[in-house]
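J.: Coordinates in entry.tsv, TSV, C-alpha atoms and all ligand atoms, are listed below.
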```tsv
chain	number	residue	atom	x	y	z
A	138	MET	CA	99.44	150.16	52.24
A	139	THR	CA	95.96	148.85	51.54
A	140	GLY	CA	95.12	148.09	47.96
A	141	PRO	CA	91.70	148.84	46.52
A	142	SER	CA	90.85	145.12	46.21
A	143	ARG	CA	91.14	144.58	49.97
A	144	THR	CA	87.83	144.41	51.83
A	145	ASP	CA	87.16	146.48	54.92
A	146	ALA	CA	86.82	143.30	56.98
A	147	ALA	CA	90.26	142.11	55.90
A	148	ARG	CA	91.74	145.47	56.87
A	149	TRP	CA	90.09	145.29	60.28
A	150	ALA	CA	91.24	141.71	60.72
A	151	GLU	CA	94.79	142.89	60.11
A	152	ALA	CA	94.41	145.82	62.51
A	153	LEU	CA	92.97	143.57	65.23
A	154	ALA	CA	95.60	140.89	64.70
A	155	ARG	CA	98.29	143.51	65.32
A	156	GLY	CA	96.77	143.73	68.79
A	157	GLY	CA	97.45	147.42	69.45
A	158	ARG	CA	95.36	149.39	71.89
A	159	ALA	CA	94.42	152.17	69.46
A	160	GLY	CA	93.01	149.76	66.89
A	161	LEU	CA	91.16	147.85	69.57
A	162	ALA	CA	89.64	151.05	70.98
A	163	ARG	CA	88.50	152.17	67.52
A	164	ALA	CA	86.99	148.77	66.77
A	165	ILE	CA	85.00	148.70	70.02
A	166	THR	CA	83.75	152.23	69.51
A	167	ALA	CA	82.53	151.29	66.04
A	168	VAL	CA	80.69	148.25	67.42
A	169	GLU	CA	79.23	150.14	70.37
A	170	ASN	CA	77.89	152.99	68.28
A	171	ALA	CA	76.87	150.74	65.37
A	172	THR	CA	78.71	152.99	62.92
A	173	ALA	CA	79.04	152.16	59.23
A	174	GLU	CA	82.26	150.32	60.06
A	175	SER	CA	80.74	148.02	62.67
A	176	ARG	CA	79.74	145.34	60.19
A	177	ALA	CA	83.29	144.98	58.90
A	178	VAL	CA	84.68	145.05	62.44
A	179	LEU	CA	82.35	142.29	63.58
A	180	GLN	CA	83.01	140.19	60.50
A	181	ALA	CA	86.72	140.42	61.25
A	182	ALA	CA	86.23	139.79	64.97
A	183	HIS	CA	83.97	136.78	64.53
A	184	GLY	CA	86.48	135.25	62.15
A	185	LEU	CA	89.33	135.61	64.64
A	186	ALA	CA	87.59	135.03	67.98
A	187	GLY	CA	87.79	131.77	69.89
A	188	ARG	CA	91.16	131.86	71.63
A	189	ALA	CA	90.67	134.00	74.76
A	190	LEU	CA	89.62	132.67	78.14
A	191	VAL	CA	86.48	134.65	79.00
A	192	VAL	CA	85.90	135.11	82.72
A	193	GLY	CA	82.62	136.50	84.03
A	194	VAL	CA	82.70	138.25	87.41
A	195	THR	CA	79.39	139.04	89.03
A	196	GLY	CA	78.02	139.69	92.52
A	197	ALA	CA	76.09	142.15	94.64
A	198	PRO	CA	76.83	145.90	94.43
A	199	GLY	CA	79.86	146.80	96.53
A	200	ALA	CA	81.04	143.22	97.06
A	201	GLY	CA	84.45	144.33	95.82
A	202	LYS	CA	84.32	143.04	92.24
A	203	SER	CA	86.27	145.91	90.68
A	204	THR	CA	88.94	145.91	93.39
A	205	LEU	CA	89.26	142.18	92.98
A	206	VAL	CA	89.42	142.35	89.18
A	207	ALA	CA	92.13	145.00	89.39
A	208	ALA	CA	94.15	142.81	91.74
A	209	CYS	CA	93.71	139.81	89.44
A	210	VAL	CA	94.84	141.88	86.45
A	211	GLY	CA	98.12	142.44	88.31
A	212	GLU	CA	98.51	138.71	88.90
A	213	LEU	CA	97.65	137.83	85.29
A	214	ARG	CA	100.24	140.34	84.03
A	215	ARG	CA	102.85	138.77	86.32
A	216	ARG	CA	102.05	135.50	84.57
A	217	GLY	CA	102.72	137.15	81.23
A	218	LEU	CA	99.11	137.15	80.05
A	219	SER	CA	97.48	140.07	78.24
A	220	VAL	CA	94.13	141.14	79.62
A	221	GLY	CA	90.98	142.84	78.38
A	222	VAL	CA	88.48	144.06	80.97
A	223	LEU	CA	84.88	144.98	80.23
A	224	ALA	CA	82.73	146.61	82.91
A	225	VAL	CA	79.03	146.14	82.24
A	226	ASP	CA	76.79	148.17	84.51
A	227	PRO	CA	73.20	148.55	83.39
A	228	SER	CA	72.54	151.29	85.94
A	229	SER	CA	75.64	153.44	85.58
A	230	PRO	CA	77.89	152.23	82.80
A	231	PHE	CA	80.16	155.25	82.86
A	232	THR	CA	80.88	155.52	86.56
A	233	GLY	CA	81.23	151.74	86.82
A	234	GLY	CA	83.82	151.63	84.11
A	235	ALA	CA	85.57	154.73	85.36
A	236	LEU	CA	85.87	153.24	88.85
A	237	LEU	CA	87.32	150.04	87.50
A	238	GLY	CA	89.69	152.03	85.30
A	239	ASP	CA	90.77	154.10	88.32
A	240	ARG	CA	91.56	151.03	90.35
A	241	ILE	CA	93.61	149.53	87.56
A	242	ARG	CA	95.46	152.84	87.10
A	243	MET	CA	96.14	152.93	90.83
A	244	LEU	CA	97.82	149.57	90.52
A	245	GLY	CA	100.19	151.02	87.95
A	246	HIS	CA	98.75	149.50	84.80
A	247	ALA	CA	97.99	152.82	83.11
A	248	GLY	CA	100.84	152.65	80.61
A	249	ASP	CA	100.75	148.88	80.26
A	250	GLY	CA	99.84	147.86	76.71
A	251	GLY	CA	98.90	144.42	78.01
A	252	VAL	CA	95.90	145.81	79.87
A	253	PHE	CA	92.86	147.20	78.08
A	254	VAL	CA	89.84	148.43	80.06
A	255	ARG	CA	86.48	149.41	78.65
A	256	SER	CA	83.00	150.03	80.01
A	257	LEU	CA	79.84	149.24	78.12
A	258	ALA	CA	77.33	152.01	77.57
A	259	SER	CA	73.75	150.93	77.99
A	260	ARG	CA	72.24	153.04	75.23
A	261	GLY	CA	70.64	151.38	72.24
A	262	GLN	CA	70.75	147.85	73.53
A	263	LEU	CA	67.34	146.58	72.55
A	264	GLY	CA	68.26	142.92	72.73
A	265	GLY	CA	69.65	143.26	76.26
A	266	LEU	CA	73.17	143.93	77.44
A	267	ALA	CA	74.50	140.40	76.97
A	268	PRO	CA	74.60	140.44	73.15
A	269	SER	CA	76.43	143.77	73.11
A	270	ALA	CA	78.85	142.53	75.75
A	271	CYS	CA	79.45	139.42	73.64
A	272	ALA	CA	80.34	141.55	70.63
A	273	VAL	CA	82.89	143.58	72.61
A	274	VAL	CA	84.32	140.38	74.12
A	275	ASP	CA	84.74	138.97	70.61
A	276	VAL	CA	86.62	142.08	69.50
A	277	MET	CA	88.98	141.82	72.51
A	278	ASP	CA	89.40	138.10	71.84
A	279	ALA	CA	90.15	138.79	68.18
A	280	ALA	CA	92.75	141.37	69.20
A	281	GLY	CA	94.66	138.60	70.94
A	282	ARG	CA	93.85	139.26	74.59
A	283	ASP	CA	94.69	136.04	76.45
A	284	VAL	CA	92.09	136.65	79.13
A	285	VAL	CA	88.93	138.77	78.88
A	286	VAL	CA	87.26	139.64	82.19
A	287	VAL	CA	83.66	140.86	82.19
A	288	GLU	CA	82.41	142.53	85.39
A	289	THR	CA	78.65	142.83	85.83
A	290	VAL	CA	76.62	143.86	88.84
A	291	GLY	CA	74.62	140.85	89.91
A	292	VAL	CA	70.99	141.81	89.92
A	293	GLY	CA	69.31	138.52	89.10
A	294	GLN	CA	69.17	138.50	85.35
A	295	SER	CA	72.76	139.51	84.74
A	296	GLU	CA	74.00	136.42	86.55
A	297	ILE	CA	72.05	134.29	84.15
A	298	GLU	CA	73.25	136.33	81.17
A	299	ILE	CA	76.85	135.99	82.22
A	300	ALA	CA	76.44	132.24	82.32
A	301	GLY	CA	76.06	132.14	78.55
A	302	LEU	CA	78.78	134.65	77.87
A	303	ALA	CA	81.69	133.40	79.98
A	304	ASP	CA	83.84	130.30	79.92
A	305	VAL	CA	84.42	130.59	83.68
A	306	ARG	CA	81.91	132.23	86.04
A	307	VAL	CA	83.11	133.85	89.24
A	308	VAL	CA	80.59	135.05	91.82
A	309	VAL	CA	81.85	137.52	94.44
A	310	TRP	CA	80.26	137.48	97.87
A	311	ALA	CA	80.80	139.75	100.87
A	312	PRO	CA	80.94	138.27	104.40
A	313	GLY	CA	77.60	137.86	106.10
A	314	ALA	CA	75.59	139.06	103.13
A	315	GLY	CA	72.72	136.64	103.57
A	316	ASP	CA	74.96	133.61	103.20
A	317	GLY	CA	73.74	130.44	101.54
A	318	VAL	CA	70.01	130.98	101.46
A	319	GLN	CA	70.35	134.29	99.68
A	320	ALA	CA	72.80	132.76	97.22
A	321	ALA	CA	70.39	129.96	96.41
A	322	LYS	CA	67.64	132.50	95.83
A	323	ALA	CA	69.80	134.53	93.46
A	324	GLY	CA	70.53	131.46	91.36
A	325	VAL	CA	74.20	132.00	92.07
A	326	LEU	CA	74.82	128.45	93.17
A	327	GLU	CA	73.69	127.05	89.85
A	328	ILE	CA	75.90	129.15	87.60
A	329	ALA	CA	79.10	129.71	89.63
A	330	ASP	CA	82.31	127.88	88.81
A	331	VAL	CA	84.17	129.80	91.50
A	332	ILE	CA	82.61	131.51	94.53
A	333	VAL	CA	84.79	134.12	96.18
A	334	VAL	CA	84.12	135.40	99.66
A	335	ASN	CA	85.89	138.75	99.39
A	336	LYS	CA	86.65	141.16	102.27
A	337	ALA	CA	88.10	138.24	104.20
A	338	ASP	CA	89.70	140.84	106.47
A	339	LEU	CA	86.21	141.46	107.91
A	340	PRO	CA	84.55	139.26	110.54
A	341	GLN	CA	82.28	136.38	109.46
A	342	ALA	CA	84.24	135.61	106.29
A	343	ALA	CA	85.05	132.06	107.36
A	344	ALA	CA	81.45	131.39	108.40
A	345	THR	CA	80.16	132.75	105.11
A	346	GLU	CA	82.62	130.60	103.19
A	347	ALA	CA	81.46	127.51	105.09
A	348	ALA	CA	77.79	128.37	104.52
A	349	LEU	CA	78.29	128.85	100.79
A	350	ARG	CA	80.32	125.67	100.46
A	351	GLY	CA	77.57	123.76	102.25
A	352	ALA	CA	74.85	125.33	100.15
A	353	ALA	CA	76.67	124.48	96.93
A	354	SER	CA	77.47	120.89	97.88
A	355	TRP	CA	74.33	119.51	96.23
A	356	ARG	CA	76.10	119.93	92.90
A	357	GLY	CA	78.39	117.08	93.88
A	358	ALA	CA	81.37	116.69	91.57
A	359	SER	CA	80.50	119.85	89.69
A	360	ALA	CA	80.31	121.95	92.87
A	361	PRO	CA	82.04	125.34	92.56
A	362	THR	CA	85.42	126.09	94.05
A	363	VAL	CA	84.86	128.28	97.13
A	364	LEU	CA	87.66	130.50	98.41
A	365	ARG	CA	88.38	133.66	100.38
A	366	THR	CA	90.17	136.84	99.29
A	367	SER	CA	90.93	140.28	100.57
A	368	ALA	CA	91.21	142.39	97.45
A	369	THR	CA	92.39	145.46	99.35
A	370	ARG	CA	95.13	143.50	101.16
A	371	HIS	CA	96.02	141.45	98.08
A	372	GLU	CA	95.39	138.21	99.92
A	373	GLY	CA	94.20	135.08	98.14
A	374	ILE	CA	94.55	136.64	94.70
A	375	ASP	CA	97.08	134.09	93.51
A	376	ALA	CA	94.79	131.23	94.60
A	377	LEU	CA	91.84	132.84	92.84
A	378	VAL	CA	93.71	133.26	89.56
A	379	GLU	CA	94.91	129.68	89.90
A	380	ALA	CA	91.36	128.39	90.49
A	381	VAL	CA	90.08	130.30	87.46
A	382	SER	CA	92.95	129.01	85.29
A	383	GLU	CA	92.25	125.49	86.52
A	384	ARG	CA	88.56	125.80	85.59
A	385	GLY	CA	89.52	127.45	82.32
A	386	ARG	CA	92.02	124.84	81.21
A	387	ALA	CA	90.48	123.90	77.96
A	388	THR	CA	91.20	122.63	74.54
A	389	ALA	CA	91.06	124.82	71.46
A	390	ALA	CA	87.72	123.16	70.69
A	391	ASP	CA	86.29	124.34	74.04
A	392	ARG	CA	87.36	127.91	73.30
A	393	ALA	CA	85.81	127.73	69.85
A	394	ALA	CA	82.61	126.45	71.45
A	395	GLY	CA	82.63	129.48	73.78
A	396	ALA	CA	82.96	131.83	70.81
A	397	GLU	CA	80.12	130.06	69.07
A	398	ARG	CA	77.92	130.36	72.16
A	399	ARG	CA	78.57	134.11	72.19
A	400	LEU	CA	77.76	134.30	68.48
A	401	ARG	CA	74.45	132.55	69.07
A	402	LEU	CA	73.64	135.03	71.84
A	403	GLN	CA	74.36	137.91	69.47
A	404	ILE	CA	72.13	136.51	66.72
A	405	ALA	CA	69.30	135.78	69.17
A	406	GLY	CA	69.65	139.27	70.67
A	407	ARG	CA	69.39	140.90	67.28
A	408	ALA	CA	66.45	138.71	66.34
A	409	ALA	CA	64.65	139.76	69.53
A	410	ALA	CA	65.31	143.42	68.77
A	411	MET	CA	64.09	143.06	65.18
A	412	ALA	CA	60.97	141.18	66.27
A	413	ALA	CA	60.20	143.84	68.89
A	414	GLU	CA	60.53	146.55	66.29
A	415	ALA	CA	58.38	144.73	63.72
A	416	ALA	CA	55.76	143.92	66.36
A	417	GLY	CA	55.57	147.49	67.58
A	418	ARG	CA	54.53	148.84	64.18
A	419	HIS	CA	52.44	145.86	63.01
A	420	ALA	CA	49.05	146.62	61.46
A	421	ARG	CA	47.30	143.88	63.47
A	422	LEU	CA	48.44	145.26	66.81
A	423	ARG	CA	45.28	147.36	67.22
A	424	ASP	CA	42.94	144.41	66.52
A	425	LEU	CA	44.88	142.13	68.84
A	426	ALA	CA	44.73	144.71	71.62
A	427	ALA	CA	40.98	144.92	71.19
A	428	ALA	CA	40.69	141.12	71.32
A	429	VAL	CA	42.72	140.98	74.53
A	430	ARG	CA	40.59	143.72	76.06
A	431	ARG	CA	37.41	141.76	75.23
A	432	GLY	CA	38.90	138.69	76.85
A	433	GLY	CA	38.94	136.72	73.62
A	434	LEU	CA	42.72	136.27	73.71
A	435	SER	CA	45.34	136.10	76.43
A	436	LEU	CA	48.42	138.30	76.14
A	437	ASP	CA	50.52	135.27	75.25
A	438	GLU	CA	48.06	134.14	72.58
A	439	ALA	CA	48.00	137.61	71.05
A	440	ALA	CA	51.80	137.79	71.07
A	441	ALA	CA	52.12	134.32	69.51
A	442	SER	CA	49.63	135.28	66.81
A	443	LEU	CA	51.60	138.45	66.06
A	444	LEU	CA	54.89	136.54	65.90
A	445	ALA	CA	53.33	134.01	63.54
A	446	ASP	CA	52.27	136.89	61.28
A	447	ILE	CA	55.74	138.43	61.36
A	448	ASP	CA	57.25	135.00	60.70
A	449	GLY	CA	54.98	134.55	57.70
A	450	GLY	CA	55.99	137.96	56.41
A	451	GLY	CA	52.56	139.41	57.23
B	501	LIG	N1	87.56	145.62	103.83
B	501	LIG	C1	87.60	145.38	102.53
B	501	LIG	N2	87.02	146.24	101.67
B	501	LIG	C2	87.08	145.96	100.36
B	501	LIG	C3	87.70	144.80	99.85
B	501	LIG	N3	87.56	144.79	98.50
B	501	LIG	C4	86.89	145.90	98.18
B	501	LIG	N4	86.61	146.63	99.28
B	501	LIG	C5	85.90	147.92	99.36
B	501	LIG	O1	84.54	147.75	99.01
B	501	LIG	C6	84.06	148.90	98.33
B	501	LIG	C7	83.45	148.50	97.01
B	501	LIG	O2	84.46	148.00	96.17
B	501	LIG	P1	84.29	147.83	94.61
B	501	LIG	O3	85.49	147.11	94.11
B	501	LIG	O4	83.94	149.11	93.96
B	501	LIG	O5	83.01	146.88	94.58
B	501	LIG	P2	82.13	146.44	93.31
B	501	LIG	O6	81.56	145.13	93.66
B	501	LIG	O7	82.91	146.53	92.06
B	501	LIG	O8	81.00	147.55	93.33
B	501	LIG	P3	79.95	147.89	92.18
B	501	LIG	O9	80.66	147.77	90.85
B	501	LIG	O10	79.50	149.25	92.48
B	501	LIG	O11	78.87	146.87	92.31
B	501	LIG	C8	85.25	149.84	98.19
B	501	LIG	O12	85.19	150.78	99.21
B	501	LIG	C9	86.44	148.92	98.34
B	501	LIG	O13	87.57	149.57	98.83
B	501	LIG	C10	88.31	143.91	100.79
B	501	LIG	O14	88.88	142.87	100.44
B	501	LIG	N5	88.21	144.26	102.10
B	502	MG	MG	82.52	147.56	90.25
```
Turn the structure described in the file into structure tokens.
Ligand SMILES: Nc1nc2c(ncn2[C@@H]2O[C@H](COP(=O)(O)OP(=O)(O)OP(=O)(O)O)[C@@H](O)[C@H]2O)c(=O)[nH]1
Ligand SMILES: [Mg+2]
T.:
Amino acid sequence: MTGPSRTDAARWAEALARGGRAGLARAITAVENATAESRAVLQAAHGLAGRALVVGVTGAPGAGKSTLVAACVGELRRRGLSVGVLAVDPSSPFTGGALLGDRIRMLGHAGDGGVFVRSLASRGQLGGLAPSACAVVDVMDAAGRDVVVVETVGVGQSEIEIAGLADVRVVVWAPGAGDGVQAAKAGVLEIADVIVVNKADLPQAAATEAALRGAASWRGASAPTVLRTSATRHEGIDALVEAVSERGRATAADRAAGAERRLRLQIAGRAAAMAAEAAGRHARLRDLAAAVRRGGLSLDEAAASLLADIDGGG
């Protein structure tokens, strides 16, 4: 079927464009493990990406993110949209993904070709998790998934990372969990487009919702949408999907801008990894360490000097 003149990237582009689950799974595995094929996969993916709505879902451990994502997947399928889900868990990537997969299976999406779930392994991610997540998102996007949902456990940094990765940022909150002050501290109020108070079947949900809405009001017109759900009772899911769609209504140019943002993150991530590697085996490292020890240079000055050397090819 494939002639000898066809490039690997063109073959992958064709495989991804077909949108099948097997091809998508193989492509992600190649990217994740940086196999010989990964370059061609990424070339194909980056050429095709820029159509999916990318939704980031973050929040404290146990807030109900996975249960909520699974419920939303059901609602998105009812709306005829294909979905890719990526579970990013820096602490336990396998159990996190498996749990999410279990929940989606429980909802009867196991045999549904319109749902594709994957977890991101944390090994070998020198430039941080975000660039790797971006690459997988691009592959799902390229494979024609209408919506790509990325679940990350919110532990400070990942909320910030998700801000660059997603087109729409959803922060999941559990009732009573520190309310507004805690949210402000976590930086959640700056990055959220939608704040969900999940477990609305528990006491305090309304008070928490009010506190978060008040705490986010300083953003004025750009304040996040705040709403309540009960993922286990399937309450408020429709409104949540609607709010995300509303926020995600975008032109083709906006989607392309999202893909370009993810590409920039990937390049910067790789550059950071390369610089770290070059710095770690640089001949001047010993002298710089000695200078820092003597007090002649600060750590930052030594690092800047090393970077300048690497930059100059030294
Ligand atoms: N009462 C109640 N419990 C819920 C609700 N949603 C989720 N849970 C429960 O909360 C627990 C954690 O749910 P998960 O969906 O795994 O939460 P998570 O935020 O994905 O957790 P991590 O990925 O480990 O950070 C489970 O026992 C869920 O059944 C809800 O709406 N109401
Ligand atoms: Mg989870």
J.: Hey, which bits of chain A sit within 8 Å of ligand LIG 501 (chain B), and for each residue what's the closest pair of atoms and how far apart in Å (one decimal), counting all atoms listed in the file, rows by chain and increasing number, as JSON lines?
T.:
```
{"residue": "A:Thr195", "atom": "CA", "partner": "B:LIG501", "partner_atom": "O6", "distance": 8.0}
{"residue": "A:Gly196", "atom": "CA", "partner": "B:LIG501", "partner_atom": "O6", "distance": 6.6}
{"residue": "A:Ala197", "atom": "CA", "partner": "B:LIG501", "partner_atom": "O11", "distance": 6.0}
{"residue": "A:Pro198", "atom": "CA", "partner": "B:LIG501", "partner_atom": "O11", "distance": 3.1}
{"residue": "A:Gly199", "atom": "CA", "partner": "B:LIG501", "partner_atom": "O8", "distance": 3.5}
{"residue": "A:Ala200", "atom": "CA", "partner": "B:LIG501", "partner_atom": "O6", "distance": 3.9}
{"residue": "A:Gly201", "atom": "CA", "partner": "B:LIG501", "partner_atom": "O5", "distance": 3.2}
{"residue": "A:Lys202", "atom": "CA", "partner": "B:LIG501", "partner_atom": "O6", "distance": 3.7}
{"residue": "A:Ser203", "atom": "CA", "partner": "B:LIG501", "partner_atom": "O7", "distance": 3.7}
{"residue": "A:Thr204", "atom": "CA", "partner": "B:LIG501", "partner_atom": "O3", "distance": 3.7}
{"residue": "A:Leu205", "atom": "CA", "partner": "B:LIG501", "partner_atom": "O3", "distance": 6.3}
{"residue": "A:Val206", "atom": "CA", "partner": "B:LIG501", "partner_atom": "O3", "distance": 7.9}
{"residue": "A:Asp226", "atom": "CA", "partner": "B:LIG501", "partner_atom": "O9", "distance": 7.4}
{"residue": "A:Gly233", "atom": "CA", "partner": "B:LIG501", "partner_atom": "O9", "distance": 5.7}
{"residue": "A:Leu236", "atom": "CA", "partner": "B:LIG501", "partner_atom": "O4", "distance": 6.8}
{"residue": "A:Leu237", "atom": "CA", "partner": "B:LIG501", "partner_atom": "O7", "distance": 7.2}
{"residue": "A:Glu288", "atom": "CA", "partner": "B:LIG501", "partner_atom": "O9", "distance": 7.8}
{"residue": "A:Thr289", "atom": "CA", "partner": "B:LIG501", "partner_atom": "O9", "distance": 7.3}
{"residue": "A:Val290", "atom": "CA", "partner": "B:LIG501", "partner_atom": "O11", "distance": 5.1}
{"residue": "A:Gly291", "atom": "CA", "partner": "B:LIG501", "partner_atom": "O11", "distance": 7.8}
{"residue": "A:Val309", "atom": "CA", "partner": "B:LIG501", "partner_atom": "O6", "distance": 7.7}
{"residue": "A:Asn335", "atom": "CA", "partner": "B:LIG501", "partner_atom": "O14", "distance": 5.2}
{"residue": "A:Lys336", "atom": "CA", "partner": "B:LIG501", "partner_atom": "O14", "distance": 3.4}
{"residue": "A:Ala337", "atom": "CA", "partner": "B:LIG501", "partner_atom": "O14", "distance": 6.0}
{"residue": "A:Asp338", "atom": "CA", "partner": "B:LIG501", "partner_atom": "N5", "distance": 5.7}
{"residue": "A:Leu339", "atom": "CA", "partner": "B:LIG501", "partner_atom": "N1", "distance": 6.0}
{"residue": "A:Thr366", "atom": "CA", "partner": "B:LIG501", "partner_atom": "O14", "distance": 6.3}
{"residue": "A:Ser367", "atom": "CA", "partner": "B:LIG501", "partner_atom": "O14", "distance": 3.3}
{"residue": "A:Ala368", "atom": "CA", "partner": "B:LIG501", "partner_atom": "O14", "distance": 3.8}
{"residue": "A:Thr369", "atom": "CA", "partner": "B:LIG501", "partner_atom": "O14", "distance": 4.5}
{"residue": "A:Arg370", "atom": "CA", "partner": "B:LIG501", "partner_atom": "O14", "distance": 6.3}
{"residue": "A:His371", "atom": "CA", "partner": "B:LIG501", "partner_atom": "O14", "distance": 7.7}
```
J.: With C-alpha atoms kept, could you save the residues just selected as a PDB file, in the frame of the given file?
T.:
```
ATOM      1  CA  THR A 195      79.390 139.040  89.030  1.00  0.00           C
ATOM      2  CA  GLY A 196      78.020 139.690  92.520  1.00  0.00           C
ATOM      3  CA  ALA A 197      76.090 142.150  94.640  1.00  0.00           C
ATOM      4  CA  PRO A 198      76.830 145.900  94.430  1.00  0.00           C
ATOM      5  CA  GLY A 199      79.860 146.800  96.530  1.00  0.00           C
ATOM      6  CA  ALA A 200      81.040 143.220  97.060  1.00  0.00           C
ATOM      7  CA  GLY A 201      84.450 144.330  95.820  1.00  0.00           C
ATOM      8  CA  LYS A 202      84.320 143.040  92.240  1.00  0.00           C
ATOM      9  CA  SER A 203      86.270 145.910  90.680  1.00  0.00           C
ATOM     10  CA  THR A 204      88.940 145.910  93.390  1.00  0.00           C
ATOM     11  CA  LEU A 205      89.260 142.180  92.980  1.00  0.00           C
ATOM     12  CA  VAL A 206      89.420 142.350  89.180  1.00  0.00           C
ATOM     13  CA  ASP A 226      76.790 148.170  84.510  1.00  0.00           C
ATOM     14  CA  GLY A 233      81.230 151.740  86.820  1.00  0.00           C
ATOM     15  CA  LEU A 236      85.870 153.240  88.850  1.00  0.00           C
ATOM     16  CA  LEU A 237      87.320 150.040  87.500  1.00  0.00           C
ATOM     17  CA  GLU A 288      82.410 142.530  85.390  1.00  0.00           C
ATOM     18  CA  THR A 289      78.650 142.830  85.830  1.00  0.00           C
ATOM     19  CA  VAL A 290      76.620 143.860  88.840  1.00  0.00           C
ATOM     20  CA  GLY A 291      74.620 140.850  89.910  1.00  0.00           C
ATOM     21  CA  VAL A 309      81.850 137.520  94.440  1.00  0.00           C
ATOM     22  CA  ASN A 335      85.890 138.750  99.390  1.00  0.00           C
ATOM     23  CA  LYS A 336      86.650 141.160 102.270  1.00  0.00           C
ATOM     24  CA  ALA A 337      88.100 138.240 104.200  1.00  0.00           C
ATOM     25  CA  ASP A 338      89.700 140.840 106.470  1.00  0.00           C
ATOM     26  CA  LEU A 339      86.210 141.460 107.910  1.00  0.00           C
ATOM     27  CA  THR A 366      90.170 136.840  99.290  1.00  0.00           C
ATOM     28  CA  SER A 367      90.930 140.280 100.570  1.00  0.00           C
ATOM     29  CA  ALA A 368      91.210 142.390  97.450  1.00  0.00           C
ATOM     30  CA  THR A 369      92.390 145.460  99.350  1.00  0.00           C
ATOM     31  CA  ARG A 370      95.130 143.500 101.160  1.00  0.00           C
ATOM     32  CA  HIS A 371      96.020 141.450  98.080  1.00  0.00           C
TER      33      HIS A 371
END
```
J.: Choose the residue, out of A:Gly281, A:Gly157, A:Gly417, A:Gly395, that has the smallest atom-to-atom separation from Ala300 (chain A); count all atoms listed in the file.
T.: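 Smallest distance to Ala300 (chain A) is found for A:Gly395.
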J.: Hey, what's within 10 Å of Arg155 (chain A) if we count all atoms listed in the file and toss same-chain stuff fewer than 4 positions away? As a PyMOL selection string, please?
T.: chain A and resi 149-151+160-161+279-281
J.: Between CA of Val307 (chain A) and CA of Ser382 (chain A), what is the distance, to one decimal in Å?
T.: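 Distance reported for this atom pair: 11.7 Å.
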J.: Nearest residue to ligand MG 502 (chain B) out of A:Ser219, A:Ser442, A:Ser435, A:Ser256, using all atoms listed in the file?
T.: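 Closest to ligand MG 502 (chain B) of all the choices is A:Ser256.
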J.: Using all atoms listed in the file, pick whichever of A:Ile374, A:Ile299, A:Val252, A:Val194 has the shortest atom-to-atom distance to ligand MG 502 (chain B).
T.: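 Nearest candidate to ligand MG 502 (chain B) out of A:Ile374, A:Ile299, A:Val252, A:Val194: A:Val194.
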J.: Kindly give the distance, in Å, that separates CA of Glu346 (chain A) and CA of Trp310 (chain A), rounded to a single decimal.
T.: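 Atom-to-atom, CA of Glu346 (chain A) to CA of Trp310 (chain A), that is 9.0 Å.
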J.: Quick one: distance from CA of Arg176 (chain A) to CA of Arg398 (chain A) in Å, one decimal?
T.: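 Those two atoms sit 19.3 Å apart.
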J.: Residues within 12 Å of (53.4, 135.8, 72.4), file coordinates, counting all atoms listed in the file: what are they? Give the list as a list in words.
T.: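 Taken together, the residues in range are Ala412, Ala413, Ala416, Leu425, Leu434, Ser435, Leu436, Asp437, Glu438, Ala439, Ala440, Ala441, Ser442, Leu443, Leu444, Ala445, Asp446 and Ile447 of chain A.
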J.: Hey, which of A:Leu213, A:Met277, A:Leu223, A:Val178 ends up closest to ligand MG 502 (chain B)? Count only C-alpha atoms and all ligand atoms.
T.: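 For ligand MG 502 (chain B), the nearest of the given residues is A:Leu223.
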J.: Within 12 Å of Trp355 (chain A), counting only C-alpha atoms, which residues show up once you throw out same-chain ones fewer than 6 positions away? Write them as a PyMOL selection string, please.
T.: chain A and resi 321+326-327+349+361
J.: Can you spit out the residues from that selection as an mmCIF file, in the coordinates of the input, using C-alpha atoms?
T.:
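Saved the output as out-v2.cif:
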```cif
data_model
loop_
_atom_site.group_PDB
_atom_site.id
_atom_site.type_symbol
_atom_site.label_atom_id
_atom_site.label_comp_id
_atom_site.auth_asym_id
_atom_site.auth_seq_id
_atom_site.Cartn_x
_atom_site.Cartn_y
_atom_site.Cartn_z
ATOM 1 C CA ALA A 321 70.390 129.960 96.410
ATOM 2 C CA LEU A 326 74.820 128.450 93.170
ATOM 3 C CA GLU A 327 73.690 127.050 89.850
ATOM 4 C CA LEU A 349 78.290 128.850 100.790
ATOM 5 C CA PRO A 361 82.040 125.340 92.560
#
```
J.: Calculated over all atoms listed in the file, which of the candidates A:Leu185, A:Val192, A:Ala224, A:Ala152 has the smallest distance to ligand MG 502 (chain B)?
T.: A:Ala224
J.: Nearest residue to ligand MG 502 (chain B) out of A:Val222, A:Ala267, A:Ala360, A:Leu302, using all atoms listed in the file?
T.: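 Smallest distance to ligand MG 502 (chain B) is found for A:Val222.
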J.: Counting only C-alpha atoms, write as a list in words all protein and nucleic acid residues lying at most 10 Å from (85.5, 146.1, 55.4) in the file's frame.
T.: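 Looking at atoms near the point gives Arg143, Thr144, Asp145, Ala146, Ala147, Arg148, Trp149, Ala150, Ala173, Glu174, Ser175, Arg176, Ala177, Val178, Leu179, Gln180 and Ala181 of chain A.
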J.: Need to verify the contact set: Leu377 (chain A), 8 Å, all atoms listed in the file, exclusion of same-chain residues closer than 6 positions in sequence. Can you return it as a compact mmCIF listing (two decimals) with C-alpha atoms, in the coordinates of the input?
T.:
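The new file around_15.txt reads:
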```
# COMPACT_ATOMS: atom_id res chain seq x y z
CA CYS A 209 93.71 139.81 89.44
CA VAL A 333 84.79 134.12 96.18
CA LEU A 364 87.66 130.50 98.41
CA THR A 366 90.17 136.84 99.29
```
